[in-house]
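S.K.: Input file: work-v5.txt. Contents: compact mmCIF, C-alpha atoms and all ligand atoms.
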```txt
# COMPACT_ATOMS: atom_id res chain seq x y z
CA MET A 1 0.37 12.65 29.81
CA ARG A 2 -1.84 9.67 28.88
CA GLN A 3 -5.32 10.59 27.76
CA ARG A 4 -8.04 7.99 27.57
CA HIS A 5 -11.80 7.96 27.90
CA ILE A 6 -12.52 4.37 26.99
CA LYS A 7 -12.68 1.84 29.80
CA ASN A 8 -10.51 -1.27 29.46
CA LEU A 9 -8.52 0.40 26.73
CA ASP A 10 -5.38 -1.59 27.55
CA GLU A 11 -7.36 -4.79 27.05
CA LEU A 12 -8.91 -3.55 23.82
CA LEU A 13 -5.57 -2.39 22.45
CA LYS A 14 -4.11 -5.89 22.87
CA ASP A 15 -6.13 -6.89 19.83
CA TYR A 16 -4.30 -4.29 17.77
CA GLU A 17 -0.73 -5.07 18.79
CA ASP A 18 0.31 -5.89 15.21
CA GLN A 19 -0.66 -2.41 14.07
CA LEU A 20 0.77 -0.58 17.07
CA ILE A 21 4.35 0.51 17.57
CA ALA A 22 4.76 0.53 21.34
CA ARG A 23 8.33 1.89 21.45
CA PRO A 24 8.72 4.27 18.50
CA GLU A 25 12.19 5.41 19.60
CA GLU A 26 13.45 1.90 18.91
CA MET A 27 12.24 2.11 15.30
CA LYS A 28 14.34 5.18 14.58
CA GLY A 29 16.32 4.58 11.39
CA HIS A 30 14.46 1.41 10.36
CA TRP A 31 10.78 2.30 10.30
CA ARG A 32 10.12 0.37 7.14
CA ASP A 33 10.81 -2.88 9.02
CA ALA A 34 7.63 -2.21 11.01
CA PHE A 35 5.67 -3.09 7.87
CA ARG A 36 7.36 -6.42 7.20
CA GLU A 37 4.80 -8.66 8.90
CA PRO A 38 1.18 -8.48 7.69
CA CYS A 39 -1.36 -7.48 10.35
CA PHE A 40 -4.38 -9.27 9.06
CA GLU A 41 -5.08 -12.91 8.49
CA LYS A 42 -5.03 -12.98 4.77
CA GLU A 43 -2.58 -13.89 2.09
CA ARG A 44 0.64 -11.96 2.31
CA GLY A 45 0.27 -8.82 0.28
CA PRO A 46 2.72 -6.93 -1.93
CA LEU A 47 4.23 -5.17 1.08
CA CYS A 48 5.96 -8.42 2.01
CA ASP A 49 7.82 -8.69 -1.27
CA GLY A 50 11.04 -7.49 0.26
CA ASP A 51 11.22 -4.10 -1.42
CA LEU A 52 10.10 -2.16 1.63
CA ALA A 53 13.26 -0.04 1.68
CA SER A 54 12.29 1.67 -1.55
CA ARG A 55 8.73 2.50 -0.52
CA PRO A 56 7.86 6.06 0.47
CA LEU A 57 6.99 6.52 4.12
CA TYR A 58 4.60 9.28 5.16
CA ALA A 59 3.51 10.33 8.65
CA GLU A 60 0.37 12.03 9.89
CA VAL A 61 0.76 13.68 13.29
CA GLY A 62 -2.57 14.03 15.10
CA CYS A 63 -4.54 11.54 12.99
CA GLY A 64 -7.65 11.83 15.16
CA LYS A 65 -10.22 9.15 14.39
CA GLY A 66 -8.37 8.08 11.28
CA GLN A 67 -10.58 8.89 8.30
CA PHE A 68 -7.77 10.64 6.40
CA ILE A 69 -5.11 7.97 6.91
CA THR A 70 -7.56 5.16 6.12
CA ARG A 71 -8.66 6.75 2.85
CA LEU A 72 -5.18 7.88 1.80
CA SER A 73 -3.62 4.48 2.48
CA SER A 74 -6.44 2.81 0.52
CA LEU A 75 -5.80 5.09 -2.45
CA HIS A 76 -2.06 4.33 -2.29
CA PRO A 77 -1.54 0.76 -1.10
CA GLU A 78 2.03 0.94 -2.41
CA ASN A 79 3.02 3.59 0.17
CA LEU A 80 3.72 3.20 3.88
CA TYR A 81 1.94 5.38 6.44
CA LEU A 82 2.57 6.06 10.09
CA ALA A 83 -0.33 7.57 12.04
CA VAL A 84 0.60 9.33 15.29
CA GLU A 85 -2.12 10.21 17.79
CA GLY A 86 -1.46 11.28 21.37
CA HIS A 87 -4.98 10.75 22.67
CA GLU A 88 -5.18 6.97 22.99
CA SER A 89 -8.97 6.72 23.02
CA VAL A 90 -9.20 8.80 19.86
CA GLY A 91 -6.44 6.73 18.26
CA PHE A 92 -8.37 3.59 19.08
CA TYR A 93 -11.11 4.67 16.66
CA ALA A 94 -8.47 5.18 13.99
CA LEU A 95 -7.08 1.70 14.63
CA LYS A 96 -10.55 0.23 14.25
CA LYS A 97 -11.09 2.11 10.99
CA THR A 98 -7.86 0.94 9.39
CA ARG A 99 -8.53 -2.61 10.54
CA ALA A 100 -12.03 -2.59 9.06
CA ALA A 101 -10.42 -1.48 5.79
CA GLU A 102 -7.62 -4.09 6.21
CA ARG A 103 -4.94 -1.50 5.66
CA GLU A 104 -1.64 -3.40 5.67
CA ASN A 105 0.32 -0.24 4.94
CA VAL A 106 -0.54 1.71 8.11
CA ARG A 107 1.06 1.52 11.54
CA PHE A 108 0.21 3.55 14.63
CA VAL A 109 1.98 5.31 17.45
CA LEU A 110 -0.39 6.30 20.26
CA ASN A 111 1.86 8.89 21.88
CA TYR A 112 2.27 12.64 21.67
CA ILE A 113 5.23 13.55 19.55
CA HIS A 114 7.37 16.22 21.21
CA ASP A 115 10.49 16.14 19.09
CA ALA A 116 10.29 14.37 15.73
CA ARG A 117 13.98 13.52 15.99
CA ASP A 118 13.20 11.17 18.90
CA PHE A 119 11.23 8.98 16.48
CA PHE A 120 12.93 9.42 13.14
CA GLU A 121 16.39 9.48 11.67
CA ARG A 122 17.42 12.47 9.58
CA GLY A 123 15.60 12.37 6.23
CA GLU A 124 13.79 9.16 7.12
CA ILE A 125 10.32 10.16 5.99
CA ASP A 126 9.08 11.36 2.62
CA GLY A 127 6.32 13.64 3.78
CA LEU A 128 4.23 14.82 6.71
CA TYR A 129 0.55 15.60 7.07
CA LEU A 130 -0.67 18.01 9.75
CA ASN A 131 -4.46 18.13 9.61
CA PHE A 132 -6.49 20.46 11.83
CA SER A 133 -3.75 20.57 14.42
CA ASP A 134 -4.68 21.83 17.87
CA PRO A 135 -4.53 25.65 17.70
CA TRP A 136 -3.15 26.44 21.17
CA PRO A 137 -4.35 30.06 20.78
CA LYS A 138 -2.76 31.54 23.91
CA PRO A 139 0.62 33.18 23.18
CA ARG A 140 2.17 31.37 26.14
CA HIS A 141 1.26 28.05 24.49
CA GLU A 142 2.83 28.90 21.15
CA LYS A 143 5.57 26.33 21.68
CA ARG A 144 2.96 23.56 21.70
CA ARG A 145 1.76 24.34 18.20
CA LEU A 146 2.90 21.74 15.69
CA THR A 147 3.82 24.61 13.36
CA SER A 148 5.97 26.53 15.86
CA PRO A 149 9.46 27.32 14.57
CA ARG A 150 11.01 24.67 16.82
CA MET A 151 8.59 21.93 15.74
CA LEU A 152 8.95 22.85 12.06
CA GLY A 153 12.74 22.71 12.34
CA GLU A 154 12.55 19.25 13.86
CA PHE A 155 10.09 18.04 11.24
CA ALA A 156 12.27 19.51 8.48
CA SER A 157 15.25 17.52 9.67
CA VAL A 158 13.45 14.15 9.52
CA ILE A 159 11.89 14.74 6.09
CA LYS A 160 14.14 14.06 3.14
CA PRO A 161 15.04 16.95 0.83
CA GLY A 162 12.35 17.08 -1.84
CA GLY A 163 9.78 15.79 0.64
CA PHE A 164 6.84 17.84 1.80
CA ILE A 165 4.66 19.06 4.63
CA GLU A 166 0.95 19.56 4.02
CA PHE A 167 -1.02 21.50 6.59
CA LYS A 168 -4.72 22.27 6.61
CA THR A 169 -7.03 23.88 9.11
CA ASP A 170 -10.27 25.79 9.46
CA ASN A 171 -8.63 28.10 12.01
CA ASP A 172 -7.86 31.52 10.47
CA GLU A 173 -5.44 32.65 13.18
CA LEU A 174 -3.56 29.36 13.34
CA PHE A 175 -3.20 29.33 9.57
CA ALA A 176 -1.91 32.91 9.39
CA TYR A 177 0.62 32.10 12.10
CA SER A 178 1.64 28.82 10.46
CA GLU A 179 1.99 30.26 6.97
CA GLU A 180 4.33 32.88 8.40
CA GLN A 181 6.46 30.17 10.03
CA PHE A 182 6.61 28.06 6.86
CA ARG A 183 7.63 31.08 4.78
CA ALA A 184 10.26 32.11 7.32
CA HIS A 185 11.90 28.71 7.43
CA PRO A 186 15.10 28.74 5.35
CA MET A 187 14.73 25.16 4.20
CA MET A 188 11.07 25.30 3.20
CA ASP A 189 9.67 26.39 -0.10
CA VAL A 190 5.97 27.19 -0.27
CA GLU A 191 4.51 25.35 -3.25
CA PHE A 192 0.78 25.93 -2.95
CA VAL A 193 -1.53 27.93 -0.68
CA THR A 194 -5.26 28.32 -0.73
CA HIS A 195 -7.67 29.86 1.74
CA ASP A 196 -10.57 27.92 0.28
CA LEU A 197 -9.41 24.40 -0.49
CA HIS A 198 -12.85 23.07 -1.35
CA ARG A 199 -13.42 25.88 -3.85
CA ASP A 200 -10.00 25.60 -5.50
CA VAL A 201 -9.54 21.82 -5.65
CA PRO A 202 -12.26 19.43 -6.83
CA LEU A 203 -13.59 17.36 -3.94
CA ASP A 204 -12.84 14.08 -5.71
CA GLN A 205 -9.14 15.03 -5.64
CA LEU A 206 -9.13 15.61 -1.90
CA VAL A 207 -8.78 13.23 1.02
CA THR A 208 -10.76 14.83 3.80
CA THR A 209 -10.57 14.42 7.57
CA GLU A 210 -13.37 14.19 10.11
CA TYR A 211 -12.81 17.81 11.22
CA GLU A 212 -12.65 18.98 7.63
CA ASP A 213 -16.00 17.38 6.79
CA LYS A 214 -17.55 18.86 9.90
CA PHE A 215 -16.32 22.43 9.35
CA SER A 216 -16.86 22.54 5.61
CA SER A 217 -20.42 21.25 6.03
CA GLN A 218 -20.94 24.27 8.31
CA GLY A 219 -19.77 26.53 5.47
CA LYS A 220 -16.30 27.22 6.91
CA ASN A 221 -13.50 27.73 4.41
CA ILE A 222 -10.51 25.40 4.77
CA HIS A 223 -6.96 26.79 4.55
CA PHE A 224 -4.25 24.63 3.01
CA ILE A 225 -0.51 24.94 2.44
CA ARG A 226 2.02 22.57 0.90
CA VAL A 227 5.74 23.18 1.38
CA ARG A 228 8.77 21.40 -0.05
CA ILE A 229 11.78 20.62 2.07
CA LEU A 230 14.79 21.99 0.26
CA GLU A 231 17.61 20.72 2.38
CA THR A 232 18.32 20.63 6.10
CA LEU A 233 21.08 22.55 7.79
CA GLU A 234 22.37 22.03 11.28
CA ASN A 235 23.24 24.67 13.80
CA GLU A 236 26.08 24.30 16.27
CA GLU A 237 23.97 22.24 18.70
CA GLY A 238 23.11 19.77 15.97
CA SER A 239 19.50 20.91 15.64
CA ALA A 240 17.95 21.53 12.29
CA LEU A 241 17.55 25.17 11.33
C1 LIG B 301 -8.21 18.84 16.34
S1 LIG B 301 -7.83 17.17 16.24
C2 LIG B 301 -7.86 16.83 14.48
C3 LIG B 301 -7.97 15.35 14.18
C4 LIG B 301 -7.89 14.98 12.69
N1 LIG B 301 -6.58 15.30 12.16
C5 LIG B 301 -8.96 15.62 11.87
O1 LIG B 301 -8.64 16.53 11.10
O2 LIG B 301 -10.12 15.20 11.97
C6 LIG B 301 -6.08 17.17 16.58
C7 LIG B 301 -5.58 15.83 17.06
O3 LIG B 301 -4.15 15.90 17.15
C8 LIG B 301 -3.74 15.20 18.31
N2 LIG B 301 -2.41 15.75 18.68
C9 LIG B 301 -2.14 17.02 19.03
N3 LIG B 301 -0.83 17.19 19.27
C10 LIG B 301 -0.25 16.00 19.02
C11 LIG B 301 1.09 15.53 19.09
N4 LIG B 301 2.11 16.35 19.43
N5 LIG B 301 1.34 14.24 18.80
C12 LIG B 301 0.32 13.41 18.45
N6 LIG B 301 -0.97 13.79 18.38
C13 LIG B 301 -1.26 15.07 18.65
C14 LIG B 301 -4.83 15.44 19.32
O4 LIG B 301 -4.87 14.45 20.32
C15 LIG B 301 -6.08 15.44 18.44
O5 LIG B 301 -6.67 14.15 18.35
```
If you took the structure in this file and wrote it as structure tokens, what would it be?
Ligand SMILES: C[S@@+](CC[C@H](N)C(=O)[O-])C[C@H]1O[C@@H](n2cnc3c(N)ncnc32)[C@H](O)[C@@H]1O

M.R.:
Amino acid sequence: MRQRHIKNLDELLKDYEDQLIARPEEMKGHWRDAFREPCFEKERGPLCDGDLASRPLYAEVGCGKGQFITRLSSLHPENLYLAVEGHESVGFYALKKTRAAERENVRFVLNYIHDARDFFERGEIDGLYLNFSDPWPKPRHEKRRLTSPRMLGEFASVIKPGGFIEFKTDNDELFAYSEEQFRAHPMMDVEFVTHDLHRDVPLDQLVTTEYEDKFSSQGKNIHFIRVRILETLENEEGSAL
């Protein structure tokens, strides 16, 4: 379902075509090519040097208004980042932010991701960020959670062994549920967990999101988990376990 609250969004988005990947399924297996042409009118940066294949590619699913991806990609201009946001109007703010910062190493998909394997080849990405994902608290909506067993299995199959998933949230119930799913997954190894990220990690070592700033300024503790992908196995239907 398309979600948009900004009038004339189609018109506005035309200005951002260079940053947007309209048909992500077609990029499956060659995502790094999406970064070949620079987006901004300035001298061609180091991304165009032809060594794109060796650059790490990270994805953030549910990037919201883009503070995290803008700051992270500025800190690491050598890496490639794909920001996925299903709510187009929200994603528009993220596009504007990365443009203002002239981030050549970020591309956007403004679609909901339902099965990561539709977008990515096995082991195609180096890591995944899930920040303040929608909690979907009702049991009957469990399958919509980005940390449900099905979703985690699909993410695990598109992240290369040795890659990671980082997940953070203010939501106590969602975190408890998610930590259980990460720990139960045979191909995931929990590397670090904290229930108070801002107490345990100095703020200048963190890249925060809009939601994170909002909740932590209200005194809410932020939960965080980082897991390593060990290896992916396939079941008989060809899905990742
Ligand atoms: C609660 S907001 C958090 C935004 C941001 N990560 C932050 O921390 O400030 C969650 C965002 O994830 C997006 N989202 C949820 N499920 C998604 C999916 N399957 N694919 C892409 N975006 C999704 C929502 O549209 C929403 O903007």

S.K.: For Ile113 (chain A), which residue among A:Tyr93, A:Glu60, A:Ile125, A:Ala156 is the nearest when counting only C-alpha atoms?

M.R.: A:Glu60

S.K.: One decimal, in Å: what's the spacing between CA of Thr209 (chain A) and atom N6 of ligand LIG 301 (chain B)?

M.R.: 14.5 Å

S.K.: Please work out which residues fall within 10 Å of (13.4, 21.7, -2.2), coordinates as given in the file, with only C-alpha atoms counting, and return them as a count of residues only.

M.R.: 16

S.K.: Quick one: everything within 8 Å of Pro149 (chain A), counting all atoms listed in the file, minus sequence neighbours fewer than 2 positions away in the same chain. Send it as a ChimeraX atom specification.

M.R.: /A:147,151-153,181,185

S.K.: Using all atoms listed in the file for the distances, tell me which of A:Asp33, A:Glu26, A:Glu11, A:Asp134 is nearest to ligand LIG 301 (chain B).

M.R.: A:Asp134

S.K.: Is there a way to complete region 85-100 of chain A with N, CA and C atoms and then write that out as a tab-separated table (two decimals), in the coordinates of the input?

M.R.:
```
chain	number	residue	atom	x	y	z
A	85	GLU	N	-1.00	9.55	17.07
A	85	GLU	CA	-2.12	10.21	17.79
A	85	GLU	C	-1.85	10.10	19.29
A	86	GLY	N	-1.80	11.27	19.95
A	86	GLY	CA	-1.46	11.28	21.37
A	86	GLY	C	-2.60	10.86	22.28
A	87	HIS	N	-3.82	11.09	21.84
A	87	HIS	CA	-4.98	10.75	22.67
A	87	HIS	C	-5.36	9.30	22.35
A	88	GLU	N	-5.06	8.40	23.29
A	88	GLU	CA	-5.18	6.97	22.99
A	88	GLU	C	-6.60	6.54	22.62
A	89	SER	N	-7.58	7.12	23.31
A	89	SER	CA	-8.97	6.72	23.02
A	89	SER	C	-9.36	7.14	21.61
A	90	VAL	N	-8.91	8.32	21.22
A	90	VAL	CA	-9.20	8.80	19.86
A	90	VAL	C	-8.48	7.89	18.85
A	91	GLY	N	-7.22	7.60	19.15
A	91	GLY	CA	-6.44	6.73	18.26
A	91	GLY	C	-7.04	5.35	18.12
A	92	PHE	N	-7.73	4.90	19.15
A	92	PHE	CA	-8.37	3.59	19.08
A	92	PHE	C	-9.39	3.53	17.95
A	93	TYR	N	-10.14	4.63	17.78
A	93	TYR	CA	-11.11	4.67	16.66
A	93	TYR	C	-10.40	4.58	15.32
A	94	ALA	N	-9.23	5.22	15.26
A	94	ALA	CA	-8.47	5.18	13.99
A	94	ALA	C	-7.97	3.75	13.73
A	95	LEU	N	-7.52	3.10	14.78
A	95	LEU	CA	-7.08	1.70	14.63
A	95	LEU	C	-8.22	0.83	14.09
A	96	LYS	N	-9.40	1.04	14.68
A	96	LYS	CA	-10.55	0.23	14.25
A	96	LYS	C	-10.87	0.48	12.77
A	97	LYS	N	-10.77	1.76	12.37
A	97	LYS	CA	-11.09	2.11	10.99
A	97	LYS	C	-10.12	1.45	10.01
A	98	THR	N	-8.83	1.51	10.33
A	98	THR	CA	-7.86	0.94	9.39
A	98	THR	C	-7.96	-0.59	9.38
A	99	ARG	N	-8.36	-1.16	10.53
A	99	ARG	CA	-8.53	-2.61	10.54
A	99	ARG	C	-9.74	-3.02	9.69
A	100	ALA	N	-10.83	-2.27	9.84
A	100	ALA	CA	-12.03	-2.59	9.06
A	100	ALA	C	-11.71	-2.53	7.56
```
